[in-house]
>>> print(open('structure-v7.cif').read())   # mmCIF, C-alpha atoms
data_data
loop_
_atom_site.label_atom_id
_atom_site.label_comp_id
_atom_site.auth_asym_id
_atom_site.auth_seq_id
_atom_site.Cartn_x
_atom_site.Cartn_y
_atom_site.Cartn_z
CA MET A 1 0.00 0.00 0.00
CA ALA A 2 1.41 3.34 -1.11
CA GLY A 3 2.84 5.52 1.63
CA ARG A 4 3.03 2.74 4.17
CA THR A 5 6.41 2.42 5.80
CA GLY A 6 5.67 -0.78 7.79
CA GLY A 7 5.59 -1.45 11.52
CA ALA A 8 2.98 -0.50 14.08
CA ALA A 9 1.59 2.98 14.13
CA PRO A 10 2.92 5.11 16.98
CA THR A 11 0.71 5.32 20.04
CA VAL A 12 -0.67 8.80 20.61
CA PRO A 13 -1.08 9.56 24.30
CA VAL A 14 -4.57 10.65 25.26
CA PRO A 15 -4.54 13.40 27.86
CA LEU A 16 -6.47 12.60 31.02
CA PRO A 17 -9.27 15.01 31.91
CA VAL A 18 -8.47 17.55 34.59
CA LEU A 19 -10.86 17.17 37.47
CA ALA A 20 -12.19 20.43 38.78
CA SER A 21 -11.61 21.30 42.42
CA PRO A 22 -14.68 20.78 44.56
CA ALA A 23 -16.77 23.89 44.96
CA VAL A 24 -17.10 23.31 48.70
CA PRO A 25 -13.93 22.71 50.73
CA PRO A 26 -13.90 19.37 52.52
CA ARG A 27 -15.15 19.42 56.10
CA PRO A 28 -12.84 18.22 58.87
CA ALA A 29 -13.50 14.70 60.04
CA ARG A 30 -14.43 16.04 63.48
CA ALA A 31 -15.49 19.47 64.67
CA PRO A 32 -13.50 21.19 67.42
CA ARG A 33 -14.64 20.26 70.89
CA ARG A 34 -17.26 22.59 72.36
CA ARG A 35 -15.70 24.76 75.06
CA THR A 36 -17.10 24.05 78.50
CA VAL A 37 -16.25 24.90 82.10
CA PRO A 38 -14.76 21.81 83.76
CA VAL A 39 -16.65 20.10 86.56
CA ARG A 40 -14.87 17.80 89.01
CA VAL A 41 -16.59 14.60 90.11
CA GLY A 42 -14.24 13.12 92.67
CA SER A 43 -11.01 12.38 90.82
CA VAL A 44 -12.62 12.74 87.36
CA VAL A 45 -12.78 16.04 85.50
CA ILE A 46 -15.70 16.43 83.08
CA GLY A 47 -15.55 19.13 80.43
CA GLY A 48 -12.85 21.65 79.70
CA ALA A 49 -9.83 19.95 78.16
CA ALA A 50 -10.42 16.66 79.99
CA PRO A 51 -10.94 13.53 77.87
CA VAL A 52 -14.49 12.31 77.39
CA SER A 53 -15.29 10.03 80.32
CA VAL A 54 -17.36 6.85 80.38
CA GLN A 55 -19.88 6.10 83.09
CA THR A 56 -22.50 3.53 83.93
CA MET A 57 -25.14 2.86 86.58
CA THR A 58 -25.47 0.04 89.08
CA LYS A 59 -28.48 -2.23 88.64
CA THR A 60 -28.65 -3.67 92.15
CA PRO A 61 -30.84 -2.33 94.97
CA THR A 62 -28.57 0.16 96.73
CA GLU A 63 -29.56 -1.40 100.04
CA ASP A 64 -27.56 -4.45 98.84
CA VAL A 65 -24.13 -3.07 99.66
CA GLU A 66 -22.14 -6.16 98.71
CA GLY A 67 -23.90 -6.59 95.37
CA THR A 68 -23.57 -2.89 94.55
CA VAL A 69 -19.88 -2.71 95.45
CA GLU A 70 -19.22 -5.85 93.41
CA GLN A 71 -20.96 -4.34 90.36
CA ILE A 72 -18.92 -1.17 90.76
CA ALA A 73 -15.72 -3.23 90.85
CA ARG A 74 -16.67 -4.99 87.61
CA ALA A 75 -17.45 -1.65 85.98
CA ALA A 76 -14.07 -0.32 87.11
CA ASP A 77 -12.32 -3.37 85.66
CA ALA A 78 -14.10 -2.73 82.35
CA GLY A 79 -12.78 0.83 82.30
CA ALA A 80 -15.55 2.99 83.79
CA ASP A 81 -14.53 6.42 85.03
CA LEU A 82 -17.50 6.99 87.35
CA VAL A 83 -20.76 5.29 88.32
CA ARG A 84 -24.28 6.39 89.22
CA VAL A 85 -26.10 4.74 92.13
CA THR A 86 -29.79 5.18 92.82
CA CYS A 87 -30.86 6.70 96.14
CA ASP A 88 -34.61 6.17 96.29
CA THR A 89 -35.16 5.16 99.92
CA ARG A 90 -33.86 6.30 103.28
CA GLU A 91 -32.14 2.94 103.78
CA ALA A 92 -30.38 3.38 100.42
CA GLY A 93 -29.22 6.83 101.52
CA LEU A 94 -27.81 5.40 104.73
CA LYS A 95 -26.06 2.55 102.90
CA LEU A 96 -24.33 5.05 100.59
CA HIS A 97 -21.79 5.76 103.36
CA GLU A 98 -20.29 2.31 103.07
CA ILE A 99 -20.65 2.14 99.29
CA VAL A 100 -18.76 5.42 98.85
CA ARG A 101 -16.07 4.24 101.25
CA ARG A 102 -15.54 0.97 99.36
CA SER A 103 -16.08 2.15 95.80
CA ARG A 104 -13.20 2.26 93.35
CA LEU A 105 -15.05 4.88 91.31
CA PRO A 106 -16.54 8.31 92.06
CA ILE A 107 -20.23 7.97 92.96
CA VAL A 108 -23.09 9.99 91.44
CA ALA A 109 -26.22 9.71 93.60
CA ASP A 110 -29.44 9.50 91.59
CA ILE A 111 -32.13 11.56 93.37
CA HIS A 112 -35.70 12.25 92.27
CA TYR A 113 -38.04 14.69 94.02
CA ASP A 114 -36.83 13.94 97.55
CA ALA A 115 -34.77 16.66 99.27
CA PRO A 116 -34.08 14.61 102.46
CA LEU A 117 -32.52 11.85 100.34
CA ALA A 118 -30.30 14.41 98.60
CA LEU A 119 -29.09 15.62 101.99
CA LEU A 120 -28.42 12.02 103.08
CA ALA A 121 -26.37 11.45 99.92
CA ILE A 122 -24.33 14.59 100.57
CA GLU A 123 -23.66 13.39 104.15
CA ALA A 124 -22.54 10.03 102.72
CA GLY A 125 -19.81 11.78 100.75
CA VAL A 126 -21.04 11.19 97.19
CA HIS A 127 -19.16 13.01 94.48
CA CYS A 128 -22.10 14.31 92.44
CA LEU A 129 -25.90 14.57 92.65
CA ARG A 130 -28.27 13.82 89.77
CA LEU A 131 -31.06 16.18 90.82
CA ASN A 132 -33.61 18.42 89.12
CA PRO A 133 -34.27 21.25 91.61
CA GLY A 134 -37.53 22.23 89.93
CA ASN A 135 -39.00 18.88 90.98
CA ILE A 136 -38.53 19.68 94.66
CA ARG A 137 -41.47 21.69 95.96
CA GLN A 138 -39.66 23.19 98.96
CA PRO A 139 -37.50 26.15 97.82
CA GLU A 140 -35.79 26.35 101.20
CA LYS A 141 -34.65 22.72 100.82
CA VAL A 142 -33.27 23.43 97.34
CA GLY A 143 -31.31 26.30 98.83
CA GLU A 144 -29.93 24.04 101.55
CA ILE A 145 -28.90 21.39 98.99
CA ALA A 146 -27.14 23.99 96.85
CA ARG A 147 -25.34 25.43 99.89
CA ARG A 148 -24.22 22.01 101.12
CA CYS A 149 -23.04 20.98 97.65
CA ARG A 150 -21.11 24.23 97.26
CA GLU A 151 -19.40 23.72 100.62
CA ALA A 152 -18.48 20.11 99.78
CA GLY A 153 -17.49 20.74 96.16
CA ILE A 154 -20.23 18.45 94.87
CA PRO A 155 -21.57 19.28 91.38
CA ILE A 156 -25.19 18.76 90.38
CA ARG A 157 -26.22 17.05 87.17
CA VAL A 158 -29.45 18.42 85.74
CA GLY A 159 -31.07 15.64 83.71
CA VAL A 160 -34.08 15.92 81.41
CA ASN A 161 -35.64 12.93 79.65
CA ALA A 162 -38.14 13.25 76.82
CA GLY A 163 -40.47 10.78 78.48
CA SER A 164 -40.62 12.89 81.66
CA LEU A 165 -41.81 16.15 80.10
CA PRO A 166 -45.02 17.51 81.62
CA ASP A 167 -47.15 16.84 78.51
CA ARG A 168 -45.38 13.63 77.60
CA GLY A 169 -48.59 12.08 76.27
CA ARG A 170 -48.35 14.37 73.25
CA LEU A 171 -44.66 15.01 72.94
CA ALA A 172 -42.66 12.17 74.48
CA ARG A 173 -40.15 10.40 72.26
CA GLY A 174 -40.78 12.59 69.23
CA ARG A 175 -44.09 10.99 68.33
CA GLY A 176 -47.63 12.30 67.98
CA GLU A 177 -47.94 16.00 67.30
CA GLY A 178 -44.43 16.82 68.50
CA GLY A 179 -41.52 15.97 66.21
CA PRO A 180 -37.89 15.62 67.32
CA GLU A 181 -37.15 19.36 67.04
CA GLU A 182 -40.21 20.33 69.10
CA VAL A 183 -39.55 17.74 71.75
CA GLY A 184 -35.88 18.70 71.83
CA ALA A 185 -36.81 22.35 72.33
CA ARG A 186 -39.13 21.43 75.19
CA MET A 187 -36.35 19.38 76.78
CA VAL A 188 -33.93 22.30 76.58
CA GLU A 189 -36.59 24.62 78.02
CA ALA A 190 -37.07 22.27 80.97
CA ALA A 191 -33.30 22.00 81.57
CA LEU A 192 -32.88 25.78 81.48
CA GLY A 193 -35.65 26.11 84.07
CA HIS A 194 -33.76 23.84 86.48
CA ILE A 195 -30.49 25.63 85.73
CA ARG A 196 -32.01 29.07 86.47
CA ILE A 197 -33.11 27.87 89.92
CA LEU A 198 -29.53 26.86 90.75
CA GLU A 199 -28.00 29.99 89.22
CA ALA A 200 -30.35 32.12 91.33
CA LEU A 201 -28.82 30.38 94.34
CA ASP A 202 -25.33 31.26 93.06
CA PHE A 203 -24.66 27.63 92.20
CA THR A 204 -23.05 27.00 88.82
CA ASP A 205 -21.14 23.73 89.38
CA ILE A 206 -23.52 22.06 86.91
CA LYS A 207 -23.49 19.47 84.17
CA VAL A 208 -26.48 18.68 81.97
CA SER A 209 -28.01 15.66 80.24
CA LEU A 210 -30.75 15.73 77.58
CA LYS A 211 -31.87 12.22 76.66
CA ALA A 212 -34.61 10.58 74.65
CA SER A 213 -35.08 6.95 73.69
CA ASP A 214 -34.72 7.80 69.99
CA VAL A 215 -31.73 9.16 68.14
CA LEU A 216 -33.26 12.15 66.34
CA THR A 217 -34.78 13.74 69.46
CA THR A 218 -31.53 13.26 71.38
CA LEU A 219 -29.60 14.93 68.56
CA ALA A 220 -32.04 17.84 68.34
CA ALA A 221 -31.99 18.56 72.08
CA ASN A 222 -28.21 18.45 72.51
CA ARG A 223 -27.54 20.46 69.35
CA LEU A 224 -29.93 23.18 70.49
CA PHE A 225 -28.46 23.32 73.99
CA ALA A 226 -24.92 23.53 72.61
CA ALA A 227 -25.96 26.28 70.16
CA LEU A 228 -27.14 28.51 73.03
CA GLY A 229 -23.53 29.32 73.86
CA ASN A 230 -23.54 28.32 77.54
CA ARG A 231 -20.51 26.55 78.96
CA TYR A 232 -22.06 23.74 80.99
CA PRO A 233 -20.64 20.26 80.19
CA LEU A 234 -22.99 17.78 78.51
CA HIS A 235 -23.58 14.15 79.50
CA LEU A 236 -24.59 12.19 76.37
CA GLY A 237 -26.67 9.07 75.98
CA LEU A 238 -30.00 7.57 75.02
CA THR A 239 -32.40 6.71 77.78
CA GLU A 240 -34.03 3.28 77.56
CA ALA A 241 -31.82 2.38 74.58
CA GLY A 242 -32.92 -1.25 74.73
CA PRO A 243 -31.24 -4.67 74.61
CA THR A 244 -27.52 -4.95 73.98
CA ARG A 245 -27.45 -5.38 70.22
CA SER A 246 -29.98 -2.77 69.11
CA GLY A 247 -29.27 -0.45 72.03
CA SER A 248 -25.56 -0.41 71.27
CA VAL A 249 -26.22 0.54 67.65
CA LYS A 250 -28.66 3.32 68.55
CA SER A 251 -26.35 4.66 71.24
CA ALA A 252 -23.31 4.57 68.95
CA VAL A 253 -25.18 6.54 66.28
CA ALA A 254 -26.47 9.24 68.64
CA ILE A 255 -23.36 9.59 70.79
CA GLY A 256 -20.99 9.23 67.85
CA ILE A 257 -22.68 11.94 65.77
CA LEU A 258 -22.68 14.41 68.65
CA LEU A 259 -19.06 13.72 69.60
CA ALA A 260 -18.03 14.13 65.95
CA GLU A 261 -19.75 17.52 66.03
CA GLY A 262 -17.71 18.51 69.08
CA ILE A 263 -20.61 18.11 71.52
CA GLY A 264 -20.30 16.03 74.68
CA ASP A 265 -18.03 15.61 77.69
CA THR A 266 -19.10 12.33 79.30
CA ILE A 267 -21.18 9.41 78.02
CA ARG A 268 -23.34 6.57 79.28
CA VAL A 269 -24.66 3.73 77.11
CA SER A 270 -27.93 2.58 78.75
CA LEU A 271 -28.53 -1.10 78.00
CA VAL A 272 -30.58 -3.99 79.30
CA ASP A 273 -27.32 -5.62 80.34
CA GLU A 274 -24.65 -5.59 83.01
CA PRO A 275 -22.89 -2.29 83.82
CA GLU A 276 -19.57 -3.56 82.48
CA GLU A 277 -21.14 -4.20 79.08
CA GLU A 278 -22.37 -0.60 78.97
CA VAL A 279 -18.81 0.49 79.72
CA ARG A 280 -17.30 -1.70 77.01
CA VAL A 281 -19.67 -0.29 74.39
CA GLY A 282 -18.98 3.26 75.56
CA ARG A 283 -15.24 2.75 75.40
CA GLN A 284 -15.57 1.26 71.94
CA ILE A 285 -17.48 4.34 70.76
CA LEU A 286 -14.66 6.56 72.01
CA ALA A 287 -11.98 4.31 70.55
CA THR A 288 -13.72 4.28 67.17
CA LEU A 289 -13.81 8.07 67.13
CA GLU A 290 -10.30 8.21 68.60
CA THR A 291 -11.36 10.78 71.16
CA ARG A 292 -8.82 9.23 73.50
CA PRO A 293 -6.85 6.00 73.83
CA SER A 294 -9.59 3.75 75.12
CA GLY A 295 -8.50 0.16 75.35
CA PRO A 296 -8.15 -2.52 72.71
CA ASN A 297 -9.38 -2.25 69.15
CA LEU A 298 -10.10 -5.60 67.49
CA ILE A 299 -9.81 -5.73 63.70
CA ALA A 300 -11.26 -8.89 62.20
CA CYS A 301 -11.84 -10.26 58.72
CA PRO A 302 -15.58 -10.07 57.90
CA THR A 303 -15.31 -13.46 56.14
CA CYS A 304 -16.16 -14.29 52.53
CA GLY A 305 -15.94 -17.19 50.11
CA ARG A 306 -12.12 -17.09 50.21
CA LEU A 307 -12.09 -17.95 53.91
CA GLU A 308 -10.16 -21.11 54.71
CA ILE A 309 -10.20 -21.07 58.52
CA ASP A 310 -13.01 -21.07 61.09
CA MET A 311 -13.00 -17.39 61.96
CA MET A 312 -15.99 -16.99 64.26
CA PRO A 313 -14.79 -19.10 67.21
CA MET A 314 -11.29 -17.66 66.79
CA VAL A 315 -12.56 -14.09 67.03
CA ALA A 316 -14.73 -15.01 70.02
CA ARG A 317 -11.69 -16.38 71.89
CA VAL A 318 -9.59 -13.33 71.09
CA GLU A 319 -12.41 -11.00 72.13
CA GLN A 320 -12.66 -12.82 75.46
CA ALA A 321 -8.90 -12.54 76.03
CA LEU A 322 -9.03 -8.82 75.27
CA GLN A 323 -11.38 -8.15 78.16
CA GLY A 324 -8.39 -8.20 80.49
CA VAL A 325 -6.36 -5.75 78.37
CA ARG A 326 -6.71 -2.12 79.45
CA ARG A 327 -4.16 -0.30 77.31
CA SER A 328 -4.83 1.17 73.87
CA ILE A 329 -3.82 -1.60 71.48
CA SER A 330 -4.77 -2.71 67.98
CA VAL A 331 -5.25 -6.46 67.48
CA SER A 332 -5.90 -8.10 64.10
CA VAL A 333 -7.44 -11.49 63.29
CA MET A 334 -7.40 -12.25 59.55
CA GLY A 335 -8.47 -15.42 57.77
CA CYS A 336 -7.65 -14.65 54.15
CA VAL A 337 -4.37 -15.43 52.42
CA VAL A 338 -5.17 -12.82 49.73
CA ASN A 339 -5.73 -9.64 51.74
CA GLY A 340 -5.33 -10.69 55.35
CA PRO A 341 -1.61 -10.24 55.96
CA GLY A 342 -1.40 -6.86 54.23
CA GLU A 343 -4.55 -5.49 55.86
CA GLY A 344 -3.56 -6.60 59.33
CA MET A 345 0.13 -5.74 59.35
CA HIS A 346 -0.51 -2.25 60.74
CA ALA A 347 -1.86 -3.73 63.99
CA ASP A 348 0.21 -3.92 67.16
CA ILE A 349 -0.23 -7.68 67.14
CA GLY A 350 -2.26 -10.15 65.12
CA ILE A 351 -2.66 -13.39 63.26
CA ALA A 352 -3.46 -14.32 59.66
CA GLY A 353 -4.23 -17.83 58.49
CA GLY A 354 -5.24 -19.98 55.57
CA ARG A 355 -4.47 -23.37 53.97
CA GLN A 356 -3.89 -25.06 57.33
CA LYS A 357 -1.18 -22.68 58.48
CA GLY A 358 -0.79 -19.15 59.71
CA ILE A 359 1.46 -16.42 61.03
CA LEU A 360 1.72 -14.42 64.23
CA TYR A 361 3.02 -10.90 63.67
CA ARG A 362 3.88 -7.91 65.79
CA LYS A 363 4.25 -4.36 64.47
CA GLY A 364 4.21 -5.62 60.87
CA VAL A 365 6.92 -8.23 61.39
CA VAL A 366 6.25 -11.98 61.29
CA ILE A 367 7.51 -13.50 64.52
CA ARG A 368 6.17 -17.06 64.18
CA THR A 369 4.75 -19.41 61.56
CA MET A 370 2.66 -22.30 62.82
CA PRO A 371 -0.11 -24.76 62.01
CA GLU A 372 -3.61 -23.29 61.94
CA ALA A 373 -4.64 -25.31 65.01
CA GLU A 374 -2.08 -23.42 67.15
CA LEU A 375 -2.75 -19.97 65.75
CA VAL A 376 -5.39 -18.50 68.03
CA GLN A 377 -3.83 -19.99 71.18
CA ALA A 378 -0.54 -18.26 70.38
CA LEU A 379 -2.33 -14.90 70.11
CA VAL A 380 -4.35 -15.50 73.27
CA GLU A 381 -1.17 -16.24 75.23
CA GLU A 382 0.38 -12.98 74.01
CA LEU A 383 -2.76 -11.05 75.05
CA GLU A 384 -2.82 -12.70 78.48
CA ARG A 385 0.77 -11.56 79.05
CA ILE A 386 -0.22 -8.01 78.08
CA ALA A 387 -3.27 -8.17 80.41
CA ASP A 388 -1.06 -9.33 83.30
CA GLU A 389 1.32 -6.43 82.69
CA ASP A 390 -1.60 -3.98 82.62
CA ARG A 391 -2.87 -5.28 85.96
CA ARG A 392 0.57 -4.92 87.55
CA LEU A 393 0.98 -1.37 86.25
CA LEU A 394 -2.47 -0.30 87.44
CA ALA A 395 -1.93 -1.88 90.85
CA ALA A 396 1.32 0.08 91.16
CA GLY A 397 -0.41 3.32 90.13
CA ARG A 398 1.65 3.60 86.97
CA PRO A 399 0.30 4.75 83.59
CA LEU A 400 -0.41 2.24 80.86
CA PRO A 401 1.61 2.42 77.62
CA ASP A 402 -0.06 2.73 74.25
CA GLY A 403 0.45 -0.34 72.09
CA ILE A 404 3.28 -2.82 72.59
CA PRO A 405 7.00 -2.86 71.78
CA GLY A 406 8.11 -4.15 68.41
CA PRO A 407 9.46 -7.67 67.87
#
>>> encode(input="structure-v7.cif", output="structure tokens")
Amino acid sequence: MAGRTGGAAPTVPVPLPVLASPAVPPRPARAPRRRTVPVRVGSVVIGGAAPVSVQTMTKTPTEDVEGTVEQIARAADAGADLVRVTCDTREAGLKLHEIVRRSRLPIVADIHYDAPLALLAIEAGVHCLRLNPGNIRQPEKVGEIARRCREAGIPIRVGVNAGSLPDRGRLARGRGEGGPEEVGARMVEAALGHIRILEALDFTDIKVSLKASDVLTTLAANRLFAALGNRYPLHLGLTEAGPTRSGSVKSAVAIGILLAEGIGDTIRVSLVDEPEEEVRVGRQILATLETRPSGPNLIACPTCGRLEIDMMPMVARVEQALQGVRRSISVSVMGCVVNGPGEGMHADIGIAGGRQKGILYRKGVVIRTMPEAELVQALVEELERIADEDRRLLAAGRPLPDGIPGP
């Protein structure tokens, strides 16, 4: 063919399209923390620059001192920073003396309507009162409570629940005629009423909680309160969140969104479960958001058709072993020979297996290769050694390290 010189035609590069810059600048992953005045509850500081704390509530009758102290100990072992204890009878108020003396955690006394019980709790040496002064019909008693708390350095937590609003039949839980924004506004109005009573008594050592049993109302109330510009710390949570599985999800959504928006200074996950389980879920929320080093983070293969080892019992054993680990540590359990090793190598320690064998690695370096049957036991033994070290350090009053040394 005329004009043809032979050989393949040269390849002409095709320029790639230039992508325009986004019109809106990307938002930061988390908003700056809302500025609040710190409140001290025993040894724990809430608000200000203090890390977000995790709390729970005992589920025993307070008159049962041994059972209550034992629950508090389990909550402390799980990583709770403080604990709330109900004070609904005179006998409970009298038993608080011994509970406070034996507790490993600062005690918040939960008081409703009853000024004499609040005074008993103060005499018992509790570290905080959960009390709505507007619910006490004797102004002189409210004044005495505020004076005694001021003298003892005991803060008061004002707590408003959607289900306890005066016209809850119409507005509670964001249903009926009142949507989440309206219910949230009513909750904030109620909280401000209680706060004004205390401020009129020259008492401002206050923290506030605004809770509903649904996510949207909880978000609306806390966002509105934070937008008012006051500096009182906020206690976050859902009330009556439900059983462990669904309640954990709902709580993580509500608490996680607010923390990511810079709102919140202490949290409680309210579950139909033991106090220590509430603490574990709360710590996991904080660890996921990286608001502070908050114990172990377990990374595990979600499983798929490539899986060649029995992951579920392995993960369950590792999860159980991690309950004794208190430091911030990343642990990986991978069951895929394709992606597992690469995806897990960034962990402090982990295992990856497949085709009847596996590896144990630390800080990205393989330290042992072994048969699959020995894999999880090797990791569990490493975690038990770390847990023992954590217990010794805590018993000696020494701080826990983050992570573990390299191989």
>>> residues_around(input="structure-v7.cif", residues="Arg231 in chain A", least_positions_apart="4", cutoff="8 Å", atoms="all atoms listed in the file", output="list in words")
Arg35, Thr36 and Val37 of chain A
>>> resolve_selection(input="structure-v7.cif", expression="the PyMOL selection byres ((chain A and resi 102-119) around 8)", output="MDAnalysis selection string")
chainID A and resid 41:44 69 72:73 76 80:90 93 98:101 120:123 126:133 135:136 141:142 145
>>> resolve_selection(input="structure-v7.cif", expression="the PyMOL selection byres ((chain A and resi 221) around 8)", output="ChimeraX atom specification")
/A:181,183-185,187-188,210-211,217-220,222-225
>>> resolve_selection(input="structure-v7.cif", expression="the PyMOL selection byres ((chain A and resi 237) around 10)", output="PyMOL selection string")
chain A and resi 209-213+215+218-219+234-236+238-241+250-252+254-256+258+264+266-270+282
>>> closest_residue(input="structure-v7.cif", among="A:Pro401, A:Gly79, A:Gln55, A:Asp205", to="Gln323 in chain A", atoms="all atoms listed in the file")
A:Gly79
>>> atom_distance(input="structure-v7.cif", atom1="CA of Ile154 in chain A", atom2="CA of Thr204 in chain A")
10.8 Å
